[in-house]
Every structure is written in structure tokens, then in C-alpha cells.
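Visitor: Got work.csv for you, CSV, C-alpha atoms:
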chain,number,residue,atom,x,y,z
A,1,MET,CA,7.3,-0.8,34.8
A,2,ALA,CA,10.5,-0.6,37.0
A,3,LYS,CA,10.5,1.3,40.3
A,4,ARG,CA,12.7,4.4,40.3
A,5,ASP,CA,12.7,5.5,43.9
A,6,LEU,CA,15.9,3.6,44.7
A,7,PRO,CA,18.2,3.9,47.7
A,8,ALA,CA,21.8,4.8,47.1
A,9,ALA,CA,24.4,4.6,49.9
A,10,ALA,CA,28.1,5.5,49.7
A,11,ASN,CA,30.7,3.3,51.4
A,12,ILE,CA,33.9,4.6,53.0
A,13,ASP,CA,35.6,4.2,49.6
A,14,GLU,CA,32.9,6.3,48.1
A,15,ARG,CA,31.4,3.3,46.1
A,16,ALA,CA,27.7,3.4,45.6
A,17,ARG,CA,25.2,0.5,46.0
A,18,LEU,CA,22.0,0.9,44.0
A,19,GLU,CA,19.2,-1.6,44.3
A,20,LEU,CA,16.7,-1.8,41.4
A,21,GLU,CA,13.3,-3.6,41.5
A,22,PHE,CA,11.5,-4.7,38.3
A,23,GLU,CA,7.8,-5.3,38.4
A,24,GLN,CA,7.6,-7.7,35.4
A,25,PRO,CA,10.0,-10.6,36.0
A,26,TYR,CA,9.3,-12.2,32.6
A,27,LEU,CA,11.2,-9.4,31.0
A,28,LEU,CA,14.3,-10.0,32.9
A,29,GLY,CA,15.5,-12.9,30.7
A,30,PRO,CA,15.8,-10.8,27.6
A,31,LEU,CA,17.0,-7.9,29.7
A,32,PHE,CA,19.9,-9.9,31.2
A,33,GLY,CA,20.6,-11.8,27.9
A,34,ASP,CA,21.7,-15.4,27.5
A,35,TYR,CA,24.1,-16.3,30.4
A,36,ASP,CA,23.8,-12.7,31.6
A,37,ARG,CA,25.8,-11.5,28.6
A,38,HIS,CA,24.0,-8.1,28.6
A,39,LEU,CA,24.9,-7.5,32.3
A,40,VAL,CA,28.5,-8.5,31.6
A,41,MET,CA,28.6,-5.9,28.8
A,42,ILE,CA,27.4,-3.2,31.1
A,43,GLU,CA,29.9,-4.2,33.8
A,44,ASP,CA,32.8,-4.2,31.4
A,45,ARG,CA,31.9,-0.9,29.7
A,46,LEU,CA,31.0,1.1,32.9
A,47,GLY,CA,33.3,-0.6,35.4
A,48,VAL,CA,30.6,-1.7,37.9
A,49,ASN,CA,29.5,-5.0,39.5
A,50,ILE,CA,26.0,-6.2,38.9
A,51,SER,CA,24.2,-9.0,40.8
A,52,ALA,CA,20.6,-10.2,40.4
A,53,ARG,CA,18.3,-12.1,42.7
A,54,GLY,CA,14.7,-12.6,41.7
A,55,ASN,CA,13.3,-9.3,40.4
A,56,ARG,CA,16.0,-7.3,42.2
A,57,VAL,CA,19.3,-6.1,40.8
A,58,MET,CA,22.2,-4.7,42.8
A,59,ILE,CA,24.7,-2.3,41.2
A,60,GLU,CA,28.0,-1.5,42.9
A,61,GLY,CA,30.7,0.9,41.7
A,62,ASP,CA,31.7,4.5,41.3
A,63,PRO,CA,28.6,6.7,42.0
A,64,ASP,CA,28.5,8.2,38.5
A,65,ALA,CA,29.1,4.8,36.8
A,66,ALA,CA,26.5,3.1,39.0
A,67,ALA,CA,23.9,5.7,38.2
A,68,ARG,CA,24.6,5.3,34.4
A,69,ALA,CA,24.4,1.6,34.7
A,70,ARG,CA,21.0,2.0,36.4
A,71,ASP,CA,19.9,4.3,33.6
A,72,VAL,CA,21.0,1.7,31.0
A,73,LEU,CA,19.1,-1.1,32.7
A,74,PHE,CA,15.9,1.1,33.0
A,75,GLY,CA,16.3,2.2,29.4
A,76,LEU,CA,16.6,-1.4,28.2
A,77,TYR,CA,13.8,-2.6,30.4
A,78,ASN,CA,11.5,0.1,29.1
A,79,ARG,CA,12.2,-0.9,25.5
A,80,LEU,CA,11.3,-4.5,26.3
A,81,ASP,CA,8.1,-3.2,28.1
A,82,GLN,CA,7.2,-1.3,24.9
A,83,GLY,CA,7.6,-4.5,22.8
A,84,GLN,CA,10.9,-3.7,21.3
A,85,ASP,CA,13.8,-6.2,21.0
A,86,VAL,CA,16.9,-5.9,23.1
A,87,ASP,CA,20.1,-7.5,21.7
A,88,ALA,CA,23.8,-6.9,22.1
A,89,ALA,CA,23.7,-4.0,19.6
A,90,ALA,CA,20.9,-2.3,21.5
A,91,VAL,CA,22.7,-2.7,24.8
A,92,GLU,CA,25.9,-1.2,23.3
A,93,ALA,CA,23.8,1.7,21.9
A,94,VAL,CA,22.1,2.5,25.2
A,95,ILE,CA,25.5,2.3,27.0
A,96,GLY,CA,26.9,4.8,24.5
A,97,MET,CA,23.9,7.0,25.1
A,98,ALA,CA,24.3,6.8,28.9
A,99,ASN,CA,27.9,8.0,28.5
A,100,GLN,CA,26.9,11.2,26.7
A,101,PRO,CA,26.1,14.0,29.0
A,102,ALA,CA,23.8,15.6,26.4
A,103,LEU,CA,21.5,12.6,26.8
A,104,ASP,CA,21.1,13.0,30.5
A,105,GLY,CA,17.4,12.7,31.1
A,106,ILE,CA,16.5,11.1,27.7
A,107,ILE,CA,16.9,7.5,28.9
A,108,ALA,CA,15.2,8.3,32.2
A,109,ASP,CA,12.3,10.0,30.3
A,110,GLU,CA,11.9,6.9,28.2
A,111,VAL,CA,11.2,4.9,31.3
A,112,ALA,CA,8.0,6.9,32.0
A,113,SER,CA,6.8,7.3,28.4
A,114,PRO,CA,7.7,6.2,24.8
A,115,PRO,CA,10.6,8.0,23.1
A,116,HIS,CA,9.6,11.5,21.9
A,117,VAL,CA,11.3,10.8,18.5
A,118,MET,CA,10.8,7.6,16.5
A,119,ILE,CA,10.2,6.3,13.0
A,120,ARG,CA,7.6,3.6,12.3
A,121,THR,CA,7.8,1.3,9.3
A,122,ARG,CA,5.9,-1.8,8.4
A,123,LYS,CA,8.6,-4.1,9.9
A,124,LYS,CA,9.9,-2.1,12.9
A,125,THR,CA,9.9,1.0,15.1
A,126,ILE,CA,13.2,2.8,15.2
A,127,VAL,CA,14.3,5.0,18.1
A,128,PRO,CA,17.5,7.1,18.3
A,129,ARG,CA,20.7,5.5,19.6
A,130,SER,CA,22.8,8.6,20.2
A,131,THR,CA,22.4,12.3,20.8
A,132,VAL,CA,23.1,13.2,17.2
A,133,GLN,CA,20.7,10.5,15.9
A,134,THR,CA,18.0,12.2,18.0
A,135,ARG,CA,18.7,15.5,16.3
A,136,TYR,CA,19.0,13.9,12.9
A,137,MET,CA,15.6,12.1,13.3
A,138,GLU,CA,14.0,15.5,14.3
A,139,CYS,CA,15.5,17.1,11.2
A,140,LEU,CA,14.3,14.2,8.9
A,141,ALA,CA,10.7,14.8,10.1
A,142,ARG,CA,10.9,18.6,9.8
A,143,ASP,CA,13.3,20.0,7.2
A,144,ASP,CA,13.2,20.0,3.4
A,145,MET,CA,16.9,19.2,2.9
A,146,ILE,CA,19.3,17.5,5.2
A,147,PHE,CA,23.1,16.9,4.9
A,148,ALA,CA,24.1,14.0,7.1
A,149,LEU,CA,27.9,14.0,7.6
A,150,GLY,CA,30.1,11.5,9.4
A,151,PRO,CA,31.7,8.1,9.4
A,152,ALA,CA,30.2,4.7,8.6
A,153,GLY,CA,28.0,3.0,11.1
A,154,THR,CA,26.3,6.1,12.5
A,155,GLY,CA,22.9,5.4,10.9
A,156,LYS,CA,23.0,8.3,8.3
A,157,THR,CA,21.6,6.3,5.4
A,158,TYR,CA,19.6,3.7,7.4
A,159,LEU,CA,17.6,6.4,9.2
A,160,ALA,CA,17.0,8.4,6.1
A,161,VAL,CA,15.6,5.3,4.3
A,162,ALA,CA,13.4,4.6,7.3
A,163,GLN,CA,12.0,8.1,7.3
A,164,ALA,CA,11.5,7.8,3.5
A,165,VAL,CA,9.7,4.5,3.7
A,166,SER,CA,7.5,5.8,6.6
A,167,GLN,CA,6.5,8.8,4.4
A,168,LEU,CA,5.9,6.7,1.4
A,169,VAL,CA,3.7,4.2,3.2
A,170,SER,CA,1.7,7.1,4.9
A,171,GLY,CA,1.2,8.8,1.5
A,172,SER,CA,2.9,12.0,2.3
A,173,VAL,CA,5.2,11.4,-0.7
A,174,ASP,CA,4.4,9.6,-3.9
A,175,ARG,CA,7.8,8.0,-4.5
A,176,LEU,CA,11.1,7.2,-3.0
A,177,ILE,CA,14.3,7.8,-5.0
A,178,LEU,CA,17.6,6.4,-3.8
A,179,SER,CA,20.9,7.2,-5.5
A,180,ARG,CA,24.6,6.8,-5.2
A,181,PRO,CA,27.6,7.7,-7.3
A,182,ALA,CA,29.1,4.6,-9.0
A,183,VAL,CA,32.7,5.4,-8.0
A,184,GLU,CA,35.0,2.4,-7.9
A,185,ALA,CA,37.4,1.6,-5.1
A,186,GLY,CA,39.9,-0.3,-7.2
A,187,GLU,CA,37.9,-2.0,-10.1
A,188,ARG,CA,36.3,-0.3,-13.1
A,189,LEU,CA,32.7,-0.6,-14.1
A,190,GLY,CA,33.7,-1.4,-17.7
A,191,PHE,CA,35.6,-4.5,-16.6
A,192,LEU,CA,32.7,-5.8,-14.5
A,193,PRO,CA,30.5,-8.5,-16.1
A,194,GLY,CA,26.9,-8.0,-17.1
A,195,ASP,CA,24.7,-5.2,-18.5
A,196,MET,CA,24.7,-1.7,-16.9
A,197,LYS,CA,22.1,-2.6,-14.2
A,198,GLU,CA,24.3,-5.6,-13.2
A,199,LYS,CA,27.4,-3.4,-13.2
A,200,VAL,CA,25.9,-0.7,-10.9
A,201,ASP,CA,23.8,-2.9,-8.6
A,202,PRO,CA,26.7,-3.8,-6.3
A,203,TYR,CA,27.2,-0.1,-5.6
A,204,LEU,CA,23.5,0.3,-4.7
A,205,ARG,CA,23.3,-2.9,-2.6
A,206,PRO,CA,23.4,-1.0,0.8
A,207,LEU,CA,20.2,0.9,-0.2
A,208,TYR,CA,18.4,-2.4,-1.1
A,209,ASP,CA,19.5,-3.9,2.2
A,210,ALA,CA,18.0,-0.9,4.1
A,211,LEU,CA,14.8,-1.2,2.2
A,212,TYR,CA,14.4,-4.9,2.9
A,213,ASP,CA,14.9,-4.1,6.6
A,214,MET,CA,11.9,-1.7,6.5
A,215,LEU,CA,9.4,-3.4,4.2
A,216,PRO,CA,8.4,-6.9,3.4
A,217,THR,CA,10.3,-8.3,0.4
A,218,GLU,CA,7.2,-8.6,-1.8
A,219,GLN,CA,6.3,-4.9,-1.1
A,220,VAL,CA,9.8,-3.7,-2.0
A,221,GLU,CA,9.8,-5.6,-5.3
A,222,ARG,CA,6.3,-4.5,-6.1
A,223,ARG,CA,7.0,-0.9,-5.4
A,224,ILE,CA,10.3,-1.0,-7.4
A,225,ALA,CA,8.4,-2.6,-10.4
A,226,SER,CA,5.7,0.1,-10.2
A,227,GLY,CA,8.2,3.0,-10.0
A,228,GLU,CA,7.2,4.0,-6.5
A,229,ILE,CA,10.8,3.1,-5.4
A,230,GLU,CA,13.6,4.0,-7.7
A,231,ILE,CA,17.3,3.0,-7.1
A,232,ALA,CA,19.7,4.4,-9.6
A,233,PRO,CA,23.2,5.9,-10.0
A,234,ILE,CA,23.4,9.6,-9.8
A,235,ALA,CA,24.0,9.9,-13.5
A,236,PHE,CA,20.4,8.8,-14.1
A,237,MET,CA,19.1,12.0,-12.3
A,238,ARG,CA,20.3,14.4,-14.9
A,239,GLY,CA,17.6,16.5,-16.6
A,240,ARG,CA,14.8,15.5,-14.2
A,241,THR,CA,12.7,17.5,-11.7
A,242,LEU,CA,11.7,15.4,-8.7
A,243,ASN,CA,8.3,16.4,-7.3
A,244,ASP,CA,6.4,14.7,-4.5
A,245,ALA,CA,9.4,12.5,-3.7
A,246,PHE,CA,11.7,11.6,-0.9
A,247,ILE,CA,15.2,11.7,-2.4
A,248,ILE,CA,18.3,10.2,-0.8
A,249,LEU,CA,21.9,10.5,-2.1
A,250,ASP,CA,24.2,8.1,-0.4
A,251,GLU,CA,28.1,8.2,-0.4
A,252,ALA,CA,27.9,11.8,-1.5
A,253,GLN,CA,31.6,12.4,-0.8
A,254,ASN,CA,32.2,10.5,-4.1
A,255,THR,CA,30.4,13.1,-6.2
A,256,THR,CA,32.2,15.9,-8.0
A,257,PRO,CA,31.0,19.5,-7.5
A,258,GLN,CA,29.3,19.4,-10.9
A,259,GLN,CA,27.4,16.2,-10.0
A,260,MET,CA,26.4,17.6,-6.6
A,261,LYS,CA,25.0,20.8,-8.1
A,262,MET,CA,23.1,18.7,-10.7
A,263,PHE,CA,21.6,16.5,-8.1
A,264,LEU,CA,20.6,19.2,-5.7
A,265,THR,CA,18.9,21.2,-8.4
A,266,ARG,CA,16.7,18.2,-9.1
A,267,PHE,CA,14.8,19.1,-5.9
A,268,GLY,CA,11.1,19.7,-6.7
A,269,MET,CA,7.9,20.8,-5.1
A,270,ARG,CA,6.6,18.9,-2.0
A,271,SER,CA,9.8,16.9,-1.9
A,272,ARG,CA,12.4,16.1,0.8
A,273,MET,CA,16.1,15.5,0.1
A,274,VAL,CA,18.8,13.8,2.3
A,275,VAL,CA,22.4,13.9,1.3
A,276,CYS,CA,24.6,11.4,3.2
A,277,GLY,CA,28.4,11.0,3.2
A,278,ASP,CA,31.7,10.9,5.0
A,279,PRO,CA,33.8,13.9,4.0
A,280,ASN,CA,36.9,12.0,5.3
A,281,GLN,CA,36.5,8.9,3.1
A,282,THR,CA,36.4,9.8,-0.6
A,283,ASP,CA,37.2,7.4,-3.4
A,284,LEU,CA,37.7,10.1,-5.9
A,285,PRO,CA,40.9,10.3,-7.9
A,286,PRO,CA,43.7,12.4,-6.3
A,287,GLY,CA,43.2,16.2,-6.9
A,288,VAL,CA,39.5,15.9,-7.5
A,289,THR,CA,37.4,18.0,-5.2
A,290,SER,CA,34.5,16.3,-3.4
A,291,GLY,CA,31.1,17.6,-4.2
A,292,LEU,CA,30.0,17.0,-0.7
A,293,ALA,CA,32.7,19.2,0.9
A,294,ASP,CA,32.1,21.8,-1.8
A,295,ALA,CA,28.3,21.9,-1.1
A,296,VAL,CA,28.8,22.1,2.7
A,297,SER,CA,31.1,25.1,2.4
A,298,LYS,CA,28.6,26.9,0.1
A,299,LEU,CA,25.2,26.0,1.6
A,300,GLU,CA,25.7,26.1,5.4
A,301,GLY,CA,23.2,28.5,7.0
A,302,ILE,CA,20.5,28.3,4.4
A,303,PRO,CA,17.0,28.2,6.1
A,304,LYS,CA,15.2,24.8,5.9
A,305,LEU,CA,18.5,23.1,5.1
A,306,SER,CA,20.1,21.2,8.1
A,307,MET,CA,23.7,20.0,8.5
A,308,VAL,CA,23.9,17.1,11.0
A,309,ARG,CA,27.4,16.0,11.9
A,310,PHE,CA,28.1,12.6,13.3
A,311,SER,CA,31.4,11.4,14.9
A,312,ALA,CA,33.0,8.2,16.0
A,313,ALA,CA,31.0,8.5,19.3
A,314,ASP,CA,27.8,8.0,17.3
A,315,VAL,CA,28.8,4.7,15.7
A,316,VAL,CA,26.1,2.2,16.5
A,317,ARG,CA,27.8,-0.9,15.0
A,318,HIS,CA,30.2,-3.1,17.0
A,319,PRO,CA,32.1,-0.9,19.5
A,320,LEU,CA,35.3,-1.9,17.7
A,321,VAL,CA,34.1,0.1,14.6
A,322,GLY,CA,34.0,3.3,16.7
A,323,ARG,CA,37.5,2.7,17.9
A,324,ILE,CA,38.8,2.0,14.4
A,325,VAL,CA,37.2,5.3,13.2
A,326,GLU,CA,38.9,7.2,16.0
A,327,ALA,CA,42.2,5.6,15.2
A,328,TYR,CA,42.0,6.6,11.6
A,329,GLU,CA,40.8,10.1,12.4
A,330,GLY,CA,43.1,10.8,15.4
A,331,PRO,CA,45.9,13.4,15.6
A,332,GLY,CA,48.5,13.2,12.9
A,333,ARG,CA,46.3,11.0,10.6
Please go through the file and, once you have read it, give me the structure as C-alpha cells.
Guide:
Amino acid sequence: MAKRDLPAAANIDERARLELEFEQPYLLGPLFGDYDRHLVMIEDRLGVNISARGNRVMIEGDPDAAARARDVLFGLYNRLDQGQDVDAAAVEAVIGMANQPALDGIIADEVASPPHVMIRTRKKTIVPRSTVQTRYMECLARDDMIFALGPAGTGKTYLAVAQAVSQLVSGSVDRLILSRPAVEAGERLGFLPGDMKEKVDPYLRPLYDALYDMLPTEQVERRIASGEIEIAPIAFMRGRTLNDAFIILDEAQNTTPQQMKMFLTRFGMRSRMVVCGDPNQTDLPPGVTSGLADAVSKLEGIPKLSMVRFSAADVVRHPLVGRIVEAYEGPGR
């Protein structure tokens, strides 16, 4: 592990110099990245200067920025020490976490012990990458019904699928049901080639992608064939009661109020339901009320039903995605 009792001295211009020492030099290659690209990312985002010699790293800059850069390096080093990968996306995520005051202490705590919240699947272990993701993962493990609201790239659906797969593999649910409304953004289903499955599969592709990221390909295909995993448009849910299941509705902003009520009332015994969507990005025809917005206004405050709201600050894709979301959702938009 890295040593944390580090000296910090302020110069006349109130710049700090922090010296870090790491006890496992073989982890420094993946920590720094090819051609030190991870260090460069930290320098650019936090406005500090970082130099390395042997197993020691020197950080210079504004005291607060230097302290956050230190926390980022320790957080990334700890992930490597626990056997997790560190890539550019992980570096960007930890930098984002370090910039959120509500996460003060979480990164530091991870240096001494594994994250207190995580999801384990057959292919990977997933830890939160933002404050809201931490709360969301806690809700996924605890509550019966969760509404995850916010822009693309915040991990709403991905984390829900991860929790669902984890519970399916552990046997706490018997089946996993993933659904989306087949609402077109330009083209019409009737004009697409193929049978109904071929027509709707493009709308369900993000759910398949998340599954293949959590389970080996052959397991996904076997469980789909056996009915343990079902991926279908929301219309296929009508008239059913879904017991002993983990149920996920993605792109829920594209449901009508009638579809949303129908879907929510499919909820059965010993089940868990997650509704994911971005209220600000609907593809419904003009004048049609979003079932997601309608449900949120009616259901907020019900016990055992959580509302988790993400923002552009929680986007864990390329940092440019977060800036694009902010630009579209800014004042006067």
C-alpha cells in the first residue's frame, strides 16, 4: 500500500509540494499509464505539476488541487492493489470524484480498505464512480423499486443490469427481465426490414451490450434460451405478473402514462424493479406526456421506492459528454 503520512509545505506563493511514496513499484506503470498519460490527465484537470522518480511522486500546485491530486493517485493505486484495472476512463472518473466535496473521505477510505459499496459479476467487480452512483448502488441493493433519472453516460442502466446479473447468479431472483419502449427517433418500425424480433432488437441492443459485459457470452445466450433472461419491448409486459424477478425498464421517458402504469403494476412478489430514463430527452410525439415524468410526480415519497437523480457531473463517459450535456441543459435551453 501507499504511505499516507506525507509532508506538505507551502511556498511564498502559497503553492503546496506533496511527496508521495508507493511501496509496490510494479504498480506504478499502470498507475502512470503509457507515456505518463494518466499523470498528464491529472495535471490538466486539476492544474498541478507532477513529477516521478523511482517510487516517489512529487505534486506541486494550489494546496487544495494538490491534495485532490494526491487523493486521485492514492485512489487509483488502491484500485490496482485490489486487482482492478485502471484506464483513462477510470482516471477521469476518480478525478471527477475528487472534485465532488460530498466524496471527501471516500477515496481516502478506499486506500485503507475495499470500497464499502460494490457489485460483483462473473466478469468484473464494479465500484461507484460518483457520489450519486454510490447512493444509487446502495438503493439497488436495498430498495424494492428505484427510479434512476438523468442524462446518458451516468451509469443508470449499466449499474442496474450489473445488480440484476449479480442477484440472478446468486439465486436471489429466478429471472431477469429487461425492457424498453420501441419508440422511433425518425424511422418507423413498420418500415424496418425483418420480423418483429428483428425490428425491435436494435432498440434493445444497449441491454444486450450491458449483459455481455457482465456475463460470458455463452451464459448470456444459454440463459436467454432458457427464459432466465428476457429482453423484450414494453408491450410484451401487458397482462403479466412478474414474481421472483429483477425487472429493468430502460429509456422510460419514452413511455406514455398508460404504458408506465401498466409496467409498474406488473411488479410481483419477491421482485425488484428499476426504471431508468432521462426526463429531458424524450422521443415521444409533441404534446404527448412522458410516462416517466408523470410517474415521478405521482410516486415520490412512497416508502421502499427510491428516486435517484443524476446530473451532468455524474457522466462517466468521455469528459466531453458531460460538457455537451451541460451545454444542452444550460440556462435558456
Visitor: With all atoms listed in the file as the counted atoms, please give the residues lying no more than 12 Å from Gly301 in chain A, apart from itself and same-chain residues fewer than 5 positions off, as an MDAnalysis selection string.
Guide: chainID A and resid 145:147 295:296 306:307
Visitor: Write the residues of the selection above to a file with C-alpha atoms, as an mmCIF file, in the coordinates of the input.
Guide:
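Just written: again_16.cif:
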data_model
loop_
_atom_site.group_PDB
_atom_site.id
_atom_site.type_symbol
_atom_site.label_atom_id
_atom_site.label_comp_id
_atom_site.auth_asym_id
_atom_site.auth_seq_id
_atom_site.Cartn_x
_atom_site.Cartn_y
_atom_site.Cartn_z
ATOM 1 C CA MET A 145 16.900 19.200 2.900
ATOM 2 C CA ILE A 146 19.300 17.500 5.200
ATOM 3 C CA PHE A 147 23.100 16.900 4.900
ATOM 4 C CA ALA A 295 28.300 21.900 -1.100
ATOM 5 C CA VAL A 296 28.800 22.100 2.700
ATOM 6 C CA SER A 306 20.100 21.200 8.100
ATOM 7 C CA MET A 307 23.700 20.000 8.500
#
Visitor: One number please: CA of Leu80 in chain A to CA of Leu31 in chain A, in Å, one decimal.
Guide: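 The value is 7.5 Å.
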Visitor: With only C-alpha atoms as the atoms that count, which of A:Asn254, A:Thr241, A:Ser311, A:Ser51 lies nearest to Pro286 in chain A?
Guide: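 When distances to Pro286 in chain A are compared using only C-alpha atoms, the smallest one comes from A:Asn254.
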Visitor: Contacts of Ile59 in chain A at 7 Å or less, counting all atoms listed in the file, minus same-chain residues fewer than 2 places along, as a PDB file with C-alpha atoms, in the coordinates of the input?
Guide:
ATOM      1  CA  ARG A  17      25.200   0.500  46.000  1.00  0.00           C
ATOM      2  CA  LEU A  18      22.000   0.900  44.000  1.00  0.00           C
ATOM      3  CA  GLU A  19      19.200  -1.600  44.300  1.00  0.00           C
ATOM      4  CA  VAL A  48      30.600  -1.700  37.900  1.00  0.00           C
ATOM      5  CA  ASN A  49      29.500  -5.000  39.500  1.00  0.00           C
ATOM      6  CA  ILE A  50      26.000  -6.200  38.900  1.00  0.00           C
ATOM      7  CA  SER A  51      24.200  -9.000  40.800  1.00  0.00           C
ATOM      8  CA  VAL A  57      19.300  -6.100  40.800  1.00  0.00           C
ATOM      9  CA  GLY A  61      30.700   0.900  41.700  1.00  0.00           C
ATOM     10  CA  ALA A  66      26.500   3.100  39.000  1.00  0.00           C
TER      11      ALA A  66
END
Visitor: Would you please work out which residue, of A:Gln84, A:Asn243, A:Ser170, A:Gln163, is nearest to Asp143 in chain A when using all atoms listed in the file?
Guide: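 Using all atoms listed in the file, Asp143 in chain A sits closest to A:Gln163.
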Visitor: Write out as a list in words which residues come within 8 Å of Met260 in chain A when counting only C-alpha atoms, dropping same-chain ones fewer than 4 positions away.
Guide: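 Result of the neighbour search: Ala252, Thr255, Thr256, Leu264, Gly291, Leu292 and Ala295 of chain A.
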Visitor: So how far away is CA of Asp34 in chain A from CA of Lys123 in chain A, in Å?
Guide: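 That distance, rounded to one decimal, is 24.7 Å.
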Visitor: Report the distance between CA of Phe267 in chain A and CA of Pro128 in chain A in Å, rounded to one decimal place.
Guide: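 These two atoms are separated by 27.1 Å.
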